[in-house]
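See below for start_39.cif, which holds mmCIF, C-alpha atoms.
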```cif
data_target
#
loop_
_atom_site.label_atom_id
_atom_site.label_comp_id
_atom_site.auth_asym_id
_atom_site.auth_seq_id
_atom_site.Cartn_x
_atom_site.Cartn_y
_atom_site.Cartn_z
CA MET A 1067 7.41 -11.97 -21.24
CA GLN A 1068 4.95 -11.97 -18.34
CA GLN A 1069 1.69 -10.00 -18.46
CA LEU A 1070 2.15 -6.24 -18.26
CA ILE A 1071 -0.86 -4.03 -17.48
CA VAL A 1072 -0.53 -0.24 -17.73
CA ARG A 1073 -2.21 1.77 -14.95
CA GLY A 1074 -0.47 4.96 -15.93
CA ALA A 1075 -2.36 7.80 -14.27
CA PRO A 1076 -5.43 8.95 -12.36
CA GLN A 1077 -8.44 9.94 -14.47
CA GLU A 1078 -7.64 13.59 -13.72
CA TYR A 1079 -4.65 15.21 -12.02
CA GLU A 1080 -4.04 18.85 -11.20
CA CYS A 1081 -1.19 20.52 -9.34
CA ARG A 1082 -1.46 24.29 -8.90
CA VAL A 1083 -2.04 26.92 -6.27
CA GLY A 1084 -5.79 26.96 -5.63
CA ALA A 1085 -6.41 23.48 -7.06
CA TRP A 1086 -8.50 22.42 -4.07
CA GLN A 1087 -10.98 25.24 -4.72
CA GLY A 1088 -12.17 23.35 -7.78
CA LEU A 1089 -13.17 20.27 -5.77
CA GLU A 1090 -16.91 20.98 -5.74
CA ASP A 1091 -17.02 21.42 -9.52
CA HIS A 1092 -15.10 18.17 -9.97
CA LEU A 1093 -17.52 16.31 -7.71
CA LEU A 1094 -20.58 17.75 -9.46
CA LYS A 1095 -19.15 16.83 -12.88
CA ARG A 1096 -18.96 13.26 -11.57
CA LYS A 1097 -22.55 13.51 -10.27
CA LEU A 1098 -21.35 12.95 -6.69
CA SER A 1099 -23.63 14.57 -4.12
CA ASN A 1100 -23.05 12.61 -0.89
CA VAL A 1101 -19.37 12.07 -0.10
CA LEU A 1102 -17.26 10.68 2.71
CA ILE A 1103 -14.38 13.02 3.63
CA LEU A 1104 -11.75 10.66 5.04
CA HIS A 1105 -8.96 12.49 6.85
CA GLY A 1106 -6.13 12.27 9.35
CA LYS A 1107 -5.62 14.32 12.53
CA LYS A 1108 -2.53 16.52 12.23
CA SER A 1109 -2.83 16.55 8.46
CA TRP A 1110 -6.46 17.65 8.69
CA GLU A 1111 -5.53 20.60 10.89
CA ALA A 1112 -3.03 21.63 8.22
CA ALA A 1113 -5.55 21.06 5.43
CA LYS A 1114 -8.59 22.85 6.89
CA PRO A 1115 -7.53 26.42 6.00
CA TYR A 1116 -7.28 25.35 2.35
CA PHE A 1117 -10.25 22.98 2.20
CA PRO A 1118 -13.16 24.48 0.26
CA SER A 1119 -16.72 24.93 1.44
CA LEU A 1120 -18.83 22.37 -0.39
CA THR A 1121 -22.16 24.17 -0.50
CA THR A 1122 -24.13 21.77 -2.67
CA ILE A 1123 -22.52 18.52 -1.54
CA THR A 1124 -23.54 16.49 1.51
CA CYS A 1125 -20.36 15.64 3.42
CA ARG A 1126 -19.64 13.19 6.20
CA PHE A 1127 -16.25 13.85 7.84
CA GLU A 1128 -14.50 10.85 9.41
CA TYR A 1129 -11.07 10.34 10.97
CA TYR A 1130 -9.52 7.36 9.20
CA GLY A 1131 -8.26 5.64 12.36
CA GLY A 1132 -4.49 5.71 11.99
CA ASP A 1133 -3.79 2.79 9.68
CA CYS A 1134 -4.88 0.94 6.55
CA THR A 1135 -6.14 -2.49 7.57
CA ASP A 1136 -8.75 -4.95 6.32
CA ASP A 1137 -10.96 -4.24 9.32
CA LYS A 1138 -10.97 -0.47 8.71
CA THR A 1139 -11.63 -1.02 5.02
CA ALA A 1140 -14.65 -3.18 5.83
CA PHE A 1141 -15.89 -0.66 8.43
CA PHE A 1142 -15.87 2.28 6.03
CA ALA A 1143 -17.25 0.22 3.14
CA GLN A 1144 -20.23 -0.71 5.35
CA LEU A 1145 -20.67 2.93 6.37
CA ILE A 1146 -20.77 3.93 2.69
CA GLN A 1147 -23.41 1.33 1.94
CA ARG A 1148 -25.47 2.24 5.00
CA GLU A 1149 -25.37 6.01 4.38
CA GLN A 1150 -25.73 5.68 0.58
CA ILE A 1151 -22.51 7.60 0.02
CA ASP A 1152 -21.52 7.88 -3.63
CA GLY A 1153 -17.86 8.93 -3.43
CA ILE A 1154 -14.82 9.33 -1.18
CA VAL A 1155 -12.52 12.32 -0.78
CA ALA A 1156 -9.32 11.28 1.02
CA VAL A 1157 -7.42 14.20 2.56
CA GLY A 1158 -4.05 13.45 4.15
CA GLY A 1159 -0.95 11.34 3.78
CA GLY A 1160 -0.25 7.94 2.26
CA LYS A 1161 -2.18 5.77 4.71
CA VAL A 1162 -5.30 7.93 4.41
CA ALA A 1163 -5.05 7.66 0.62
CA ASP A 1164 -4.47 3.91 0.79
CA LEU A 1165 -7.46 3.34 3.07
CA GLY A 1166 -9.59 5.55 0.84
CA LYS A 1167 -8.59 3.57 -2.25
CA ALA A 1168 -9.14 0.19 -0.60
CA THR A 1169 -12.55 1.30 0.69
CA ALA A 1170 -13.54 2.76 -2.68
CA ASN A 1171 -12.61 -0.49 -4.38
CA GLN A 1172 -14.65 -2.56 -1.93
CA ALA A 1173 -17.64 -0.20 -1.98
CA HIS A 1174 -17.52 0.42 -5.77
CA VAL A 1175 -17.41 4.21 -5.52
CA PRO A 1176 -14.90 6.70 -7.01
CA ILE A 1177 -11.96 8.00 -4.95
CA CYS A 1178 -10.69 11.60 -5.06
CA ILE A 1179 -7.41 12.31 -3.28
CA LEU A 1180 -6.12 15.60 -1.87
CA PRO A 1181 -2.62 14.86 -0.56
CA THR A 1182 -1.20 16.92 2.29
CA LEU A 1183 2.28 15.42 1.94
CA ALA A 1184 4.69 14.47 -0.83
CA ALA A 1185 6.05 11.54 1.16
CA THR A 1186 4.85 8.76 -1.21
CA CYS A 1187 3.18 8.33 -4.60
CA ALA A 1188 0.05 6.97 -2.87
CA ALA A 1189 -2.16 9.79 -4.18
CA TYR A 1190 -1.33 8.82 -7.78
CA THR A 1191 -1.26 5.04 -7.84
CA PRO A 1192 -4.26 2.65 -7.86
CA LEU A 1193 -2.95 0.39 -5.12
CA SER A 1194 -3.07 0.18 -1.35
CA VAL A 1195 -0.55 -1.12 1.16
CA ILE A 1196 -2.47 -3.16 3.72
CA TYR A 1197 -1.14 -3.62 7.26
CA PHE A 1198 -1.85 -6.09 10.03
CA GLU A 1199 -3.32 -4.74 13.25
CA ASP A 1200 0.11 -4.88 14.92
CA GLY A 1201 1.51 -2.42 12.38
CA SER A 1202 3.49 -4.91 10.31
CA MET A 1203 2.95 -4.89 6.56
CA ASP A 1204 0.66 -7.57 5.14
CA ARG A 1205 0.47 -7.00 1.35
CA TYR A 1206 -0.38 -4.51 -1.33
CA ASP A 1207 -3.53 -4.72 -3.43
CA VAL A 1208 -3.59 -3.38 -7.00
CA PHE A 1209 -6.94 -2.11 -8.28
CA ASN A 1210 -8.30 -2.11 -11.83
CA GLN A 1211 -9.98 1.26 -11.36
CA ALA A 1212 -7.85 4.42 -11.60
CA ASN A 1213 -8.13 7.10 -8.92
CA ALA A 1214 -10.86 9.43 -10.15
CA LEU A 1215 -9.14 12.68 -9.22
CA VAL A 1216 -5.92 13.97 -7.65
CA LEU A 1217 -5.80 17.63 -6.63
CA ILE A 1218 -2.49 18.95 -5.30
CA GLU A 1219 -2.35 22.29 -3.48
CA PRO A 1220 1.40 23.10 -3.39
CA GLU A 1221 0.93 25.56 -0.50
CA VAL A 1222 -0.29 22.76 1.78
CA ILE A 1223 2.75 20.63 1.04
CA LEU A 1224 5.10 23.63 1.25
CA HIS A 1225 4.02 24.01 4.89
CA SER A 1226 4.19 20.29 5.67
CA PRO A 1227 6.96 18.90 7.92
CA VAL A 1228 10.32 18.95 6.16
CA GLU A 1229 11.21 15.52 7.56
CA LEU A 1230 8.23 14.01 5.72
CA MET A 1231 9.39 15.49 2.43
CA VAL A 1232 12.84 14.02 3.11
CA ALA A 1233 11.22 10.63 3.69
CA GLY A 1234 9.38 11.02 0.38
CA ILE A 1235 12.68 11.71 -1.34
CA GLY A 1236 14.12 8.51 0.16
CA ASP A 1237 11.13 6.47 -0.97
CA THR A 1238 11.15 7.95 -4.47
CA LEU A 1239 14.89 7.49 -4.93
CA ALA A 1240 14.20 3.75 -4.68
CA LYS A 1241 12.19 3.89 -7.91
CA TRP A 1242 15.39 3.89 -9.96
CA TYR A 1243 17.41 1.52 -7.82
CA GLU A 1244 14.61 -1.07 -7.66
CA ALA A 1245 13.41 -0.84 -11.26
CA GLU A 1246 16.76 -0.64 -13.05
CA PRO A 1247 18.06 -4.13 -12.16
CA ILE A 1248 14.75 -5.71 -13.23
CA ILE A 1249 14.54 -3.82 -16.52
CA ALA A 1250 18.24 -4.46 -17.25
CA GLN A 1251 17.47 -8.18 -17.50
CA LEU A 1252 15.11 -7.69 -20.46
CA ALA A 1253 16.45 -8.44 -23.93
CA ILE A 1254 13.64 -6.36 -25.47
CA LYS A 1255 12.03 -3.37 -23.75
CA PRO A 1256 8.45 -2.65 -24.83
CA ILE A 1257 7.45 1.01 -25.03
CA GLU A 1258 5.64 0.76 -21.68
CA ILE A 1259 8.86 -0.40 -20.02
CA GLN A 1260 10.81 2.38 -21.72
CA VAL A 1261 8.39 4.94 -20.23
CA ALA A 1262 8.80 3.36 -16.77
CA GLU A 1263 12.58 3.37 -17.13
CA PHE A 1264 12.60 7.02 -18.21
CA ALA A 1265 10.41 7.98 -15.24
CA ALA A 1266 12.57 6.01 -12.80
CA LYS A 1267 15.79 7.62 -14.04
CA LYS A 1268 14.14 11.04 -14.01
CA CYS A 1269 13.16 10.44 -10.37
CA ARG A 1270 16.79 9.89 -9.44
CA ASP A 1271 18.11 12.77 -11.54
CA VAL A 1272 15.61 15.36 -10.28
CA LEU A 1273 16.05 14.34 -6.64
CA LEU A 1274 19.84 14.43 -6.74
CA ALA A 1275 19.75 17.83 -8.46
CA ASP A 1276 16.89 19.64 -6.70
CA SER A 1277 16.30 18.12 -3.25
CA SER A 1278 18.53 20.51 -1.30
CA ASP A 1279 16.97 23.59 -2.92
CA ALA A 1280 13.47 22.16 -2.44
CA LEU A 1281 14.04 21.66 1.28
CA LEU A 1282 15.45 25.19 1.55
CA ALA A 1283 12.28 26.46 -0.11
CA MET A 1284 10.23 24.66 2.54
CA GLU A 1285 12.28 26.23 5.31
CA ASN A 1286 11.74 29.67 3.72
CA LYS A 1287 8.06 28.91 2.95
CA THR A 1288 8.59 30.00 -0.66
CA LEU A 1289 7.28 28.20 -3.74
CA THR A 1290 10.17 27.62 -6.14
CA PRO A 1291 10.69 25.54 -9.30
CA ALA A 1292 12.96 23.15 -7.36
CA PHE A 1293 10.27 22.58 -4.73
CA LEU A 1294 7.61 21.92 -7.36
CA ASN A 1295 9.97 19.59 -9.22
CA VAL A 1296 10.56 17.47 -6.12
CA LEU A 1297 6.88 17.54 -5.08
CA GLU A 1298 5.73 16.22 -8.46
CA THR A 1299 8.62 13.79 -8.71
CA ASN A 1300 7.57 12.20 -5.42
CA ILE A 1301 3.94 11.90 -6.50
CA LEU A 1302 3.55 11.92 -10.30
CA LEU A 1303 6.87 10.64 -11.65
CA ALA A 1304 7.14 8.02 -8.91
CA GLY A 1305 3.62 6.82 -9.69
CA MET A 1306 4.43 6.55 -13.39
CA VAL A 1307 7.23 4.04 -12.77
CA GLY A 1308 4.93 1.32 -11.50
CA GLY A 1309 1.99 2.67 -13.49
CA PHE A 1310 3.70 1.93 -16.79
CA GLY A 1311 6.16 -0.75 -15.72
CA ASP A 1312 3.75 -2.81 -13.60
CA ASP A 1313 5.79 -5.53 -11.84
CA PHE A 1314 8.89 -4.45 -13.77
CA GLY A 1315 8.77 -1.02 -12.16
CA ARG A 1316 7.24 -1.39 -8.75
CA THR A 1317 9.50 -2.89 -6.11
CA SER A 1318 12.41 -5.27 -5.81
CA GLY A 1319 15.03 -5.43 -3.08
CA ALA A 1320 14.62 -2.26 -1.04
CA HIS A 1321 10.90 -2.63 -0.39
CA SER A 1322 11.16 -6.34 0.40
CA LEU A 1323 13.76 -5.40 2.99
CA HIS A 1324 11.65 -2.51 4.26
CA ASP A 1325 8.57 -4.71 4.66
CA ALA A 1326 10.66 -7.23 6.58
CA LEU A 1327 11.90 -4.51 8.93
CA THR A 1328 8.30 -3.78 9.93
CA ILE A 1329 8.24 -7.00 11.97
CA LEU A 1330 10.52 -5.20 14.44
CA PRO A 1331 8.48 -2.95 16.76
CA GLY A 1332 11.41 -0.52 17.01
CA SER A 1333 11.19 0.16 13.28
CA HIS A 1334 7.70 1.66 13.65
CA PHE A 1335 9.25 4.84 15.08
CA HIS A 1336 10.88 5.57 11.73
CA LEU A 1337 9.24 6.97 8.62
CA HIS A 1338 8.59 4.64 5.70
CA GLY A 1339 10.80 6.56 3.29
CA ASN A 1340 13.72 6.72 5.70
CA LYS A 1341 13.67 2.96 6.10
CA VAL A 1342 13.40 2.49 2.34
CA ALA A 1343 16.42 4.78 1.86
CA TYR A 1344 18.46 2.59 4.21
CA CYS A 1345 17.23 -0.52 2.40
CA ILE A 1346 18.40 0.87 -0.96
CA LEU A 1347 21.93 0.70 0.43
CA VAL A 1348 21.47 -2.90 1.63
CA GLN A 1349 20.18 -3.84 -1.82
CA LEU A 1350 23.24 -2.21 -3.42
CA VAL A 1351 25.50 -4.27 -1.13
CA ILE A 1352 23.67 -7.42 -2.27
CA GLU A 1353 24.28 -6.35 -5.87
CA ASN A 1354 27.93 -5.57 -5.05
CA LYS A 1355 27.49 -1.96 -6.26
CA LEU A 1356 29.74 -0.43 -3.62
CA THR A 1357 30.80 2.49 -5.83
CA GLU A 1358 27.13 3.51 -6.13
CA ILE A 1359 26.87 3.47 -2.34
CA GLU A 1360 29.88 5.76 -2.01
CA GLN A 1361 28.32 8.16 -4.51
CA LEU A 1362 25.06 8.26 -2.55
CA PHE A 1363 26.61 8.82 0.89
CA PRO A 1364 27.07 12.62 0.52
CA PHE A 1365 23.45 12.99 -0.65
CA TYR A 1366 22.16 10.92 2.25
CA GLN A 1367 24.22 12.86 4.76
CA GLN A 1368 23.13 16.20 3.31
CA LEU A 1369 19.45 15.23 3.74
CA ASN A 1370 20.01 13.30 6.99
CA LEU A 1371 18.75 10.04 5.47
CA PRO A 1372 19.86 6.97 7.46
CA ILE A 1373 22.87 5.10 6.09
CA SER A 1374 22.78 2.29 8.66
CA LEU A 1375 20.72 0.56 11.33
CA LYS A 1376 22.87 2.35 13.89
CA ALA A 1377 21.76 5.69 12.45
CA MET A 1378 18.17 4.65 13.20
CA ASP A 1379 19.14 3.48 16.68
CA LEU A 1380 18.22 -0.07 15.71
CA HIS A 1381 20.61 -2.56 17.29
CA LEU A 1382 19.65 -6.00 16.07
CA THR A 1383 20.49 -9.28 17.71
CA ASP A 1384 21.59 -12.16 15.51
CA GLU A 1385 18.14 -13.64 15.95
CA GLU A 1386 16.51 -10.39 14.75
CA TYR A 1387 18.82 -10.19 11.73
CA GLN A 1388 17.75 -13.73 10.86
CA ARG A 1389 14.04 -13.01 11.28
CA VAL A 1390 14.23 -9.94 9.07
CA ALA A 1391 16.24 -11.80 6.42
CA GLU A 1392 13.86 -14.75 6.40
CA ARG A 1393 10.86 -12.42 6.02
CA ALA A 1394 12.54 -10.48 3.20
CA SER A 1395 13.41 -13.64 1.28
CA LEU A 1396 10.11 -15.51 1.50
CA PRO A 1397 9.07 -17.17 -1.78
CA GLY A 1398 7.32 -14.61 -3.96
CA GLU A 1399 9.07 -11.62 -2.39
CA THR A 1400 10.16 -9.05 -4.96
CA ILE A 1401 13.78 -9.17 -3.77
CA HIS A 1402 14.13 -12.27 -5.94
CA LEU A 1403 13.52 -10.10 -9.03
CA LEU A 1404 17.06 -8.77 -8.62
CA LYS A 1405 18.65 -12.05 -9.68
CA GLU A 1406 18.54 -15.71 -8.78
CA THR A 1407 16.99 -16.65 -5.44
CA ILE A 1408 18.45 -14.58 -2.61
CA THR A 1409 18.90 -16.47 0.67
CA PRO A 1410 18.58 -15.16 4.23
CA ASP A 1411 22.34 -15.62 4.67
CA VAL A 1412 23.02 -13.24 1.77
CA ILE A 1413 20.73 -10.62 3.32
CA VAL A 1414 22.21 -10.92 6.80
CA ALA A 1415 25.72 -10.61 5.36
CA ALA A 1416 24.73 -7.51 3.36
CA MET A 1417 23.10 -5.80 6.36
CA LYS A 1418 26.15 -6.45 8.52
CA LYS A 1419 28.56 -5.36 5.78
CA LEU A 1420 26.71 -2.03 5.47
CA GLU A 1421 27.12 -1.49 9.20
CA GLU A 1422 30.86 -2.04 8.77
CA LEU A 1423 31.05 0.32 5.78
CA THR A 1424 29.27 3.09 7.69
CA ASN A 1425 30.93 2.62 11.06
#
```
Give the structure from the file, written as structure tokens.
Amino acid sequence: MQQLIVRGAPQEYECRVGAWQGLEDHLLKRKLSNVLILHGKKSWEAAKPYFPSLTTITCRFEYYGGDCTDDKTAFFAQLIQREQIDGIVAVGGGKVADLGKATANQAHVPICILPTLAATCAAYTPLSVIYFEDGSMDRYDVFNQANALVLIEPEVILHSPVELMVAGIGDTLAKWYEAEPIIAQLAIKPIEIQVAEFAAKKCRDVLLADSSDALLAMENKTLTPAFLNVLETNILLAGMVGGFGDDFGRTSGAHSLHDALTILPGSHFHLHGNKVAYCILVQLVIENKLTEIEQLFPFYQQLNLPISLKAMDLHLTDEEYQRVAERASLPGETIHLLKETITPDVIVAAMKKLEELTN
């Protein structure tokens, strides 16, 4: 069996109403006195009413720049060195968290994350997705240092855009569908893999059971058990899958396909989780699990997750299908973890078959 490294959780994690108010104490316990507050734009406007006054901490507030790239990582790492900053607090969505983590790793300072969305597990996991300057995905980097602190204020996420929570549900649903075919190939499942498998299945079960009620709670601006279940499933449970399963629980077909879609400029108008949700269905076609697709359709339609390229208003030429398929099936891509080497022709056929099934 290949090497398996557990990166199961942040050093500290808290999810409760008022959690952000403890930030200063957490920073002081870590002997952090000069911190970079890395934030987004719209997300920062939503976060400000809940963000605490840090009376004994020197803070430098910086807009993160809109993406997580090598150039931005280097820029903020140099700023940290120049200003003798001893920690980062990332406030925002997944890309803010990813840039904060990448910068913290390069600058050798701790990272504290205050998520404003439950659209990915980025706040929980010690890895960053790195993009090229044109917006296409380059790679993801896994770090050997856990996130120092994750503080979740449910009220902030309750008032976040519903469509971003839906995208988070789509992204998290993939945890089961990507991990299960990898784990199923193992003759013996170590305890770490069993934990990852449990978390992945729990992701699917909670989302199928509670998503509709959670979204209703967001519309009514009311904290409910279903909302909290989905929030923590998208962040904590989702992070546990790769955290305990490592390469056996991170990504396989759907994310390889998603990353390939990013080479199409038209795909940039769609949320990450929505594209991943579509790619789950393509992966299931590749695996010939058509019954599973039929079972998922009502759930997708209820949440308005895309079931086809047409639903995303993406009309690919044959040449674009080929480019996406070739990118998704490059040597080393995780789609090959599903089974024996998957060719571009197989991917093109699966994408076109899904269009036929959903027409």
Query - the PyMOL selection byres ((chain A and resi 1104-1117) around 10) resolved against shown file, as a count of residues only - result: 42
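Residue nearest Gln1211 in chain A, chosen from A:Leu1420, A:Ile1401, A:Val1175, A:Leu1224 and counting all atoms listed in the file: A:Val1175.
Put simply, the PyMOL selection byres ((chain A and resi 1312) around 9) in this file takes in A:Gln1069, A:Leu1070, A:Ile1071, A:Val1072, A:Arg1073, A:Ile1259, A:Ala1262, A:Val1307, A:Gly1308, A:Gly1309, A:Phe1310, A:Gly1311, A:Asp1313, A:Phe1314, A:Gly1315, A:Arg1316.
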12 Å contact set for Gln1251 in chain A, all atoms listed in the file, chain neighbours under 2 positions out, as a PDB file with C-alpha atoms, in the frame of the given file:
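File produced: result-v1.pdb:
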```pdb
ATOM      1  CA  MET A1067       7.410 -11.970 -21.240  1.00  0.00           C
ATOM      2  CA  ALA A1245      13.410  -0.840 -11.260  1.00  0.00           C
ATOM      3  CA  GLU A1246      16.760  -0.640 -13.050  1.00  0.00           C
ATOM      4  CA  PRO A1247      18.060  -4.130 -12.160  1.00  0.00           C
ATOM      5  CA  ILE A1248      14.750  -5.710 -13.230  1.00  0.00           C
ATOM      6  CA  ILE A1249      14.540  -3.820 -16.520  1.00  0.00           C
ATOM      7  CA  ALA A1253      16.450  -8.440 -23.930  1.00  0.00           C
ATOM      8  CA  ILE A1254      13.640  -6.360 -25.470  1.00  0.00           C
ATOM      9  CA  LYS A1255      12.030  -3.370 -23.750  1.00  0.00           C
ATOM     10  CA  ILE A1259       8.860  -0.400 -20.020  1.00  0.00           C
ATOM     11  CA  PHE A1314       8.890  -4.450 -13.770  1.00  0.00           C
ATOM     12  CA  LEU A1403      13.520 -10.100  -9.030  1.00  0.00           C
ATOM     13  CA  LEU A1404      17.060  -8.770  -8.620  1.00  0.00           C
ATOM     14  CA  LYS A1405      18.650 -12.050  -9.680  1.00  0.00           C
ATOM     15  CA  GLU A1406      18.540 -15.710  -8.780  1.00  0.00           C
TER      16      GLU A1406
END
```
Query - Selection: 10 Å around Leu1347 in chain A, only C-alpha atoms, excl. self and same-chain fewer than 6 positions, as a list in words - result: Ala1240, Tyr1243, Gly1319, Ala1320, Glu1353, Lys1355, Leu1356, Glu1358, Ile1359, Glu1360, Leu1362, Phe1363, Pro1372, Ile1373, Ser1374, Ala1416, Met1417 and Leu1420 of chain A
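Applied to the file shown here, the PyMOL selection byres ((chain A and resi 1299-1301) around 9) selects the residues Ala1184, Ala1185, Thr1186, Cys1187, Ala1188, Ala1189, Tyr1190, Thr1191, Met1231, Gly1234, Ile1235, Asp1237, Thr1238, Leu1239, Ala1265, Lys1268, Cys1269, Val1272, Leu1273, Leu1294, Asn1295, Val1296, Leu1297, Glu1298, Leu1302, Leu1303, Ala1304, Gly1305 and Met1306 of chain A.
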Requested in this report: Go through A:Ala1377, A:Gly1201, A:Ala1391, A:Ala1212 and flag the residue nearest Ala1170 in chain A, using all atoms listed in the file for the distances.
Outcome: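 Of A:Ala1377, A:Gly1201, A:Ala1391, A:Ala1212, the one nearest Ala1170 in chain A, counting all atoms listed in the file, is A:Ala1212.
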